[in-house]
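Student: One file is attached below, structure.txt, containing compact mmCIF, C-alpha atoms.
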```
# COMPACT_ATOMS: atom_id res chain seq x y z
CA MET A 1473 127.48 -144.31 74.93
CA ILE A 1474 123.90 -143.91 76.12
CA CYS A 1475 122.94 -141.52 78.92
CA THR A 1476 119.56 -141.60 80.67
CA PRO A 1477 118.24 -138.66 82.73
CA LEU A 1478 116.76 -138.46 86.21
CA VAL A 1479 114.14 -135.71 86.35
CA GLY A 1480 112.11 -136.44 89.48
CA LYS A 1481 110.84 -133.50 91.50
CA LEU A 1482 111.15 -135.22 94.88
CA LYS A 1483 113.75 -137.51 96.44
CA GLU A 1484 111.43 -140.51 96.27
CA GLU A 1485 110.69 -139.87 92.59
CA VAL A 1486 114.38 -139.59 91.71
CA LEU A 1487 115.23 -142.83 93.49
CA ARG A 1488 112.23 -144.61 91.95
CA GLU A 1489 113.35 -143.46 88.49
CA LEU A 1490 116.86 -144.67 89.22
CA ALA A 1491 115.65 -148.10 90.34
CA ALA A 1492 113.66 -148.44 87.10
CA ILE A 1493 116.55 -147.26 84.92
CA LEU A 1494 119.43 -149.32 86.32
CA PRO A 1495 118.19 -152.70 84.99
CA LYS A 1496 118.24 -151.14 81.51
CA LYS A 1497 122.03 -150.72 81.90
CA PRO A 1498 122.69 -147.14 80.76
CA ASP A 1499 126.32 -146.21 80.18
CA VAL A 1500 125.88 -142.88 81.96
CA ILE A 1501 123.23 -141.32 84.23
CA GLU A 1502 122.42 -137.60 84.29
CA TRP A 1503 120.74 -136.01 87.30
CA ARG A 1504 118.90 -132.91 86.07
CA ILE A 1505 118.81 -131.02 89.35
CA ASP A 1506 116.77 -128.13 87.90
CA HIS A 1507 113.74 -130.46 88.04
CA PHE A 1508 114.32 -131.14 91.76
CA ARG A 1509 111.86 -129.21 93.96
CA ASN A 1510 114.27 -128.97 96.93
CA ILE A 1511 117.22 -127.76 94.89
CA GLY A 1512 117.88 -125.03 97.49
CA ASN A 1513 118.32 -127.57 100.30
CA LEU A 1514 122.00 -128.50 99.91
CA PRO A 1515 122.06 -131.24 102.59
CA GLU A 1516 119.13 -132.96 100.87
CA VAL A 1517 120.73 -132.59 97.44
CA LEU A 1518 123.94 -134.15 98.75
CA GLU A 1519 122.00 -136.98 100.43
CA VAL A 1520 120.15 -137.79 97.21
CA ALA A 1521 123.45 -137.62 95.31
CA ARG A 1522 124.95 -140.05 97.81
CA GLN A 1523 122.09 -142.51 97.30
CA ILE A 1524 122.34 -142.20 93.52
CA ARG A 1525 126.08 -142.85 93.76
CA GLU A 1526 125.65 -145.93 95.94
CA ALA A 1527 122.95 -147.42 93.71
CA ALA A 1528 124.69 -146.57 90.42
CA GLY A 1529 127.97 -148.18 91.43
CA GLN A 1530 130.53 -147.65 88.67
CA ILE A 1531 128.14 -145.96 86.24
CA PRO A 1532 129.35 -142.37 85.66
CA ILE A 1533 127.00 -139.64 86.90
CA ILE A 1534 126.53 -136.24 85.26
CA PHE A 1535 125.20 -133.42 87.45
CA ALA A 1536 123.41 -130.78 85.37
CA CYS A 1537 121.44 -127.68 86.28
CA ARG A 1538 119.99 -126.47 82.99
CA SER A 1539 119.05 -122.81 82.94
CA ALA A 1540 115.58 -121.71 81.85
CA SER A 1541 117.17 -119.78 78.99
CA GLU A 1542 118.57 -123.05 77.60
CA GLY A 1543 115.50 -125.23 78.10
CA GLY A 1544 115.66 -126.00 81.83
CA GLU A 1545 113.17 -125.50 84.62
CA THR A 1546 112.78 -122.23 86.52
CA ILE A 1547 114.57 -122.55 89.85
CA PRO A 1548 114.73 -120.42 93.05
CA LEU A 1549 118.54 -120.07 92.93
CA ASP A 1550 120.42 -117.15 91.44
CA ASP A 1551 123.42 -117.68 89.17
CA ALA A 1552 125.97 -117.39 91.98
CA GLU A 1553 124.07 -119.99 94.01
CA VAL A 1554 124.09 -122.33 91.03
CA VAL A 1555 127.88 -122.03 90.89
CA ARG A 1556 128.10 -122.83 94.61
CA LEU A 1557 125.83 -125.84 94.09
CA HIS A 1558 128.08 -127.23 91.36
CA SER A 1559 131.13 -126.57 93.51
CA ALA A 1560 129.60 -128.45 96.45
CA LEU A 1561 128.85 -131.47 94.26
CA CYS A 1562 132.42 -131.45 92.96
CA GLU A 1563 133.81 -131.27 96.48
CA SER A 1564 131.54 -134.12 97.59
CA ARG A 1565 132.99 -136.31 94.81
CA LEU A 1566 129.60 -137.97 94.50
CA VAL A 1567 129.39 -137.17 90.78
CA ASP A 1568 131.83 -137.80 87.95
CA ILE A 1569 130.94 -134.94 85.62
CA ILE A 1570 129.29 -131.54 85.89
CA ASP A 1571 127.55 -129.82 82.98
CA TYR A 1572 127.82 -126.01 82.98
CA GLU A 1573 126.64 -123.73 80.20
CA LEU A 1574 129.18 -122.07 77.95
CA HIS A 1575 127.39 -118.71 77.97
CA ASN A 1576 128.12 -118.12 81.68
CA PRO A 1577 130.62 -115.41 82.72
CA PRO A 1578 134.30 -116.41 82.34
CA GLU A 1579 135.08 -115.98 86.04
CA TRP A 1580 132.39 -118.50 87.00
CA ARG A 1581 133.46 -120.97 84.31
CA GLU A 1582 137.07 -120.67 85.40
CA GLY A 1583 136.17 -121.08 89.07
CA LEU A 1584 134.23 -124.25 88.36
CA ARG A 1585 137.00 -125.48 86.08
CA LYS A 1586 139.42 -125.22 89.02
CA VAL A 1587 137.18 -126.83 91.64
CA SER A 1588 136.17 -129.66 89.31
CA ARG A 1589 139.77 -130.37 88.35
CA ASP A 1590 140.92 -130.22 91.99
CA ASN A 1591 138.33 -132.91 92.84
CA GLY A 1592 138.76 -135.16 89.84
CA VAL A 1593 135.40 -134.22 88.30
CA ALA A 1594 135.15 -133.73 84.53
CA LEU A 1595 133.58 -130.58 83.08
CA ILE A 1596 131.11 -130.40 80.20
CA LEU A 1597 130.67 -126.93 78.76
CA SER A 1598 127.39 -126.92 76.85
CA TYR A 1599 125.35 -124.86 74.42
CA HIS A 1600 121.60 -125.42 73.89
CA ASN A 1601 119.35 -123.64 71.42
CA PHE A 1602 115.68 -124.64 71.67
CA GLN A 1603 114.56 -122.20 68.96
CA ALA A 1604 116.74 -122.92 65.94
CA THR A 1605 119.86 -124.46 64.44
CA PRO A 1606 122.60 -121.92 63.79
CA ASP A 1607 124.82 -122.38 60.76
CA ALA A 1608 127.61 -124.94 60.77
CA ALA A 1609 130.36 -122.38 61.38
CA THR A 1610 128.62 -121.17 64.54
CA LEU A 1611 128.18 -124.71 65.83
CA ILE A 1612 131.80 -125.63 65.15
CA ALA A 1613 132.84 -122.45 66.96
CA LYS A 1614 130.76 -123.49 70.01
CA PHE A 1615 132.59 -126.81 70.21
CA ALA A 1616 135.94 -125.05 69.83
CA ASP A 1617 135.03 -122.38 72.41
CA ALA A 1618 134.26 -125.11 74.96
CA GLU A 1619 137.71 -126.61 74.46
CA ARG A 1620 139.37 -123.19 74.61
CA CYS A 1621 137.57 -122.48 77.91
CA GLY A 1622 138.96 -125.65 79.49
CA ALA A 1623 136.15 -128.18 79.03
CA ASP A 1624 136.86 -131.89 79.17
CA ILE A 1625 133.78 -132.47 76.97
CA ALA A 1626 131.94 -130.07 74.64
CA LYS A 1627 128.18 -130.34 74.09
CA VAL A 1628 125.94 -128.70 71.48
CA ALA A 1629 122.19 -129.35 71.30
CA VAL A 1630 119.98 -127.45 68.84
CA MET A 1631 116.42 -127.45 67.53
CA PRO A 1632 115.89 -128.15 63.83
CA GLN A 1633 113.22 -126.46 61.77
CA THR A 1634 113.90 -128.55 58.65
CA PRO A 1635 115.60 -131.88 57.87
CA GLU A 1636 118.49 -129.85 56.49
CA ASP A 1637 119.09 -128.46 59.99
CA VAL A 1638 119.70 -132.00 61.24
CA LEU A 1639 122.32 -132.47 58.52
CA THR A 1640 123.88 -129.17 59.57
CA LEU A 1641 124.27 -130.38 63.15
CA LEU A 1642 125.67 -133.76 62.13
CA GLY A 1643 128.08 -132.22 59.64
CA ALA A 1644 129.26 -129.62 62.16
CA THR A 1645 129.81 -132.33 64.78
CA TRP A 1646 131.89 -134.35 62.33
CA ARG A 1647 134.00 -131.37 61.27
CA ALA A 1648 134.51 -130.32 64.89
CA SER A 1649 135.54 -133.87 65.85
CA GLU A 1650 138.34 -133.60 63.32
CA ALA A 1651 139.56 -130.29 64.72
CA VAL A 1652 138.80 -130.31 68.45
CA GLY A 1653 140.89 -132.37 70.86
CA ILE A 1654 138.21 -133.31 73.42
CA PRO A 1655 135.15 -135.61 73.22
CA LEU A 1656 132.04 -134.03 71.73
CA ILE A 1657 128.31 -134.46 72.27
CA GLY A 1658 126.23 -133.21 69.36
CA MET A 1659 122.49 -133.59 68.96
CA SER A 1660 119.49 -132.25 67.12
CA MET A 1661 116.34 -132.18 69.26
CA GLY A 1662 112.63 -132.70 68.69
CA SER A 1663 110.96 -135.19 66.38
CA LEU A 1664 112.95 -134.01 63.35
CA GLY A 1665 116.17 -134.44 65.29
CA ALA A 1666 115.48 -137.98 66.49
CA MET A 1667 117.65 -139.37 63.71
CA SER A 1668 120.65 -137.55 65.16
CA ARG A 1669 120.19 -139.43 68.44
CA LEU A 1670 120.47 -142.68 66.51
CA ALA A 1671 123.34 -141.81 64.21
CA SER A 1672 125.34 -139.05 65.92
CA GLY A 1673 128.06 -141.51 66.94
CA VAL A 1674 128.88 -142.04 63.27
CA PHE A 1675 129.49 -138.29 63.03
CA GLY A 1676 131.81 -137.96 66.02
CA SER A 1677 129.48 -137.64 69.02
CA ALA A 1678 130.59 -139.62 72.06
CA LEU A 1679 127.22 -139.71 73.85
CA THR A 1680 123.52 -139.74 73.10
CA PHE A 1681 120.56 -139.32 75.46
CA ALA A 1682 117.69 -141.78 75.81
CA VAL A 1683 114.53 -142.08 77.87
CA GLY A 1684 114.89 -144.38 80.85
CA GLU A 1685 111.67 -143.38 82.61
CA SER A 1686 111.13 -139.71 81.69
CA SER A 1687 112.73 -137.52 79.03
CA SER A 1688 114.75 -134.40 79.75
CA ALA A 1689 114.53 -132.96 76.22
CA PRO A 1690 112.22 -133.33 73.21
CA GLY A 1691 112.99 -136.15 70.81
CA GLN A 1692 114.64 -138.57 73.23
CA ILE A 1693 114.05 -142.23 72.34
CA PRO A 1694 113.46 -145.07 74.83
CA ILE A 1695 116.76 -146.66 75.79
CA GLU A 1696 115.78 -150.16 74.65
CA GLU A 1697 114.93 -148.94 71.13
CA LEU A 1698 118.01 -146.74 70.92
CA ARG A 1699 120.34 -149.53 72.03
CA ALA A 1700 118.91 -151.91 69.45
CA VAL A 1701 119.58 -149.41 66.64
CA LEU A 1702 123.09 -148.63 67.88
CA GLU A 1703 123.93 -152.33 68.06
CA THR A 1704 122.70 -152.79 64.48
CA LEU A 1705 124.84 -149.87 63.29
CA ARG A 1706 127.89 -151.21 65.09
CA ALA A 1707 127.42 -154.70 63.72
CA SER A 1708 127.10 -153.32 60.20
CA ALA A 1709 130.25 -151.22 60.61
CA ASN A 1710 132.23 -154.14 62.02
CA SER A 1711 131.21 -156.45 59.18
CA ARG A 1712 132.88 -154.29 56.58
```
Write the structure described by the file as structure tokens, please.

Tutor:
Amino acid sequence: MICTPLVGKLKEEVLRELAAILPKKPDVIEWRIDHFRNIGNLPEVLEVARQIREAAGQIPIIFACRSASEGGETIPLDDAEVVRLHSALCESRLVDIIDYELHNPPEWREGLRKVSRDNGVALILSYHNFQATPDAATLIAKFADAERCGADIAKVAVMPQTPEDVLTLLGATWRASEAVGIPLIGMSMGSLGAMSRLASGVFGSALTFAVGESSSAPGQIPIEELRAVLETLRASANSR
């Protein structure tokens, strides 16, 4: 599946991005709220979420607030306020999935696990490393930790320094997909990692990210180009 991000700083920018993306038919839309200038204005956040929901129809929506330590924007909310923001979006039922980082304290993860489950919202527990690619055992452990902590989906995104790092991520995703009982998202970022965005599905990743209007991470490929490659790979696999 292909997910495209919304990264506008203002309501009008987010909705303009969305209008441009929808004709490209993404499978999933991610609203990266850490880019949103009025993130501290909950009524406005909920109103924008409502408009995204109405326009997106049946397309699943991920709500993600990436921390600065894992590649996100600096925001005026503290960690407890971020938890309350996620909880409010779950309770609104305007999103289908929330993405929360695995490194957060267990009590906050568990609290969000409960509120998301109570409201029928799926939980991604994610790990991002914008500096390096840890070894395969560490990456496999991250996927497994997400499942152990109650995630519905586990996500690992890392930065390669060499082509071998990309192979490490793909191999770890494949091995984890054989051992972990939930869907996985695995990706290698940056220009070196672009190949992983094209081929990660072959190695057990359920989702890849593409540029609809603006990218949310380095190495994302325009959705039209990514879809063409994925369709070629699928056709080749089905012909065997």

Student: Do a neighbour search on Leu1487 of chain A at 8 Å with all atoms listed in the file, toss out local chain neighbours closer than 2 positions, and write the hits as a list in words.

Tutor: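 Final neighbour list, sorted by chain and number: Lys1483, Glu1484, Glu1485, Glu1489, Leu1490, Ala1491, Val1520, Gln1523 and Ile1524 of chain A.
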
Student: What's the 10 Å shell around Ser1539 of chain A, counting only C-alpha atoms, without same-chain residues fewer than 4 positions away, as a list in words?

Tutor: Asp1506, Gly1543, Gly1544, Glu1545, Thr1546, Ile1547, Asp1551, Val1554, Tyr1572, Glu1573 and His1600 of chain A

Student: Write out as a ChimeraX atom specification each polymer residue whose atoms come within 12 Å of Glu1619 of chain A, counting all atoms listed in the file; drop sequence neighbours fewer than 5 positions from it.

Tutor: /A:1574,1585,1595-1598,1612-1614,1624-1627,1648-1649,1651-1656

Student: From the set A:Arg1504, A:Lys1496, A:Arg1556, A:Arg1565, which residue has the shortest atom-to-atom contact distance to Arg1525 of chain A, counting all atoms listed in the file?

Tutor: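 The closest residue to Arg1525 of chain A is A:Arg1565.
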
Student: I need the residue nearest Pro1495 of chain A from this list: A:Cys1475, A:Ala1528, A:Ile1693, A:Cys1621. Use only C-alpha atoms for the distance.

Tutor: A:Ala1528

Student: From the list A:Leu1641, A:Met1631, A:Leu1482, A:Thr1680, which residue is nearest Glu1502 of chain A when using all atoms listed in the file?

Tutor: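 Nearest candidate to Glu1502 of chain A out of A:Leu1641, A:Met1631, A:Leu1482, A:Thr1680: A:Thr1680.
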
Student: So which one's closest to Pro1632 of chain A, A:Glu1696, A:Glu1703, A:Asp1607, A:Asp1499? Using all atoms listed in the file, please.

Tutor: A:Asp1607

Student: Between A:Leu1518, A:Ser1660, A:Ala1682, A:Ala1671, which has the minimum distance to Thr1704 of chain A (counting all atoms listed in the file)?

Tutor: A:Ala1671

Student: Name the residues within 9 Å of (125.7, -128.7, 60.7), counting all atoms listed in the file in the file's coordinates, and put them as a PyMOL selection string.

Tutor: chain A and resi 1605-1612+1636-1647

Student: Please determine, counting all atoms listed in the file, which residue among A:Ile1534, A:Leu1549, A:Ala1521, A:Ile1505 has the shortest atom-to-atom distance to Gly1480 of chain A.

Tutor: A:Ile1505

Student: If I take atom CA of Asp1550 of chain A and atom CA of Arg1589 of chain A, how far is one from the other in Å, to one decimal?

Tutor: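 Atom CA of Arg1589 of chain A lies 23.6 Å from atom CA of Asp1550 of chain A.
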
Student: Write out as number ranges by chain each polymer residue whose atoms come within 12 Å of Val1683 of chain A, counting only C-alpha atoms; drop sequence neighbours fewer than 6 positions from it.

Tutor: A: 1474-1479, 1489-1490, 1492-1493, 1496, 1498, 1501-1502, 1669, 1689-1699

Student: If I take atom CA of Ser1564 of chain A and atom CA of Ser1541 of chain A, how far is one from the other in Å, to one decimal?

Tutor: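 Pair atom CA of Ser1564 of chain A / atom CA of Ser1541 of chain A returns 27.5 Å.
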
Student: Determine, counting only C-alpha atoms, which protein, DNA and RNA residues have an atom within 12 Å of an atom of Val1587 of chain A; residues of the same chain fewer than 6 positions away are not included. Present the result as a PyMOL selection string.

Tutor: chain A and resi 1555-1565+1569-1570+1580-1581+1593-1595

Student: Report, in Å with one decimal, the straight-line distance from atom CA of Tyr1599 of chain A to atom CA of Ala1629 of chain A.

Tutor: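 So the two atoms, atom CA of Tyr1599 of chain A and atom CA of Ala1629 of chain A, lie 6.3 Å apart.
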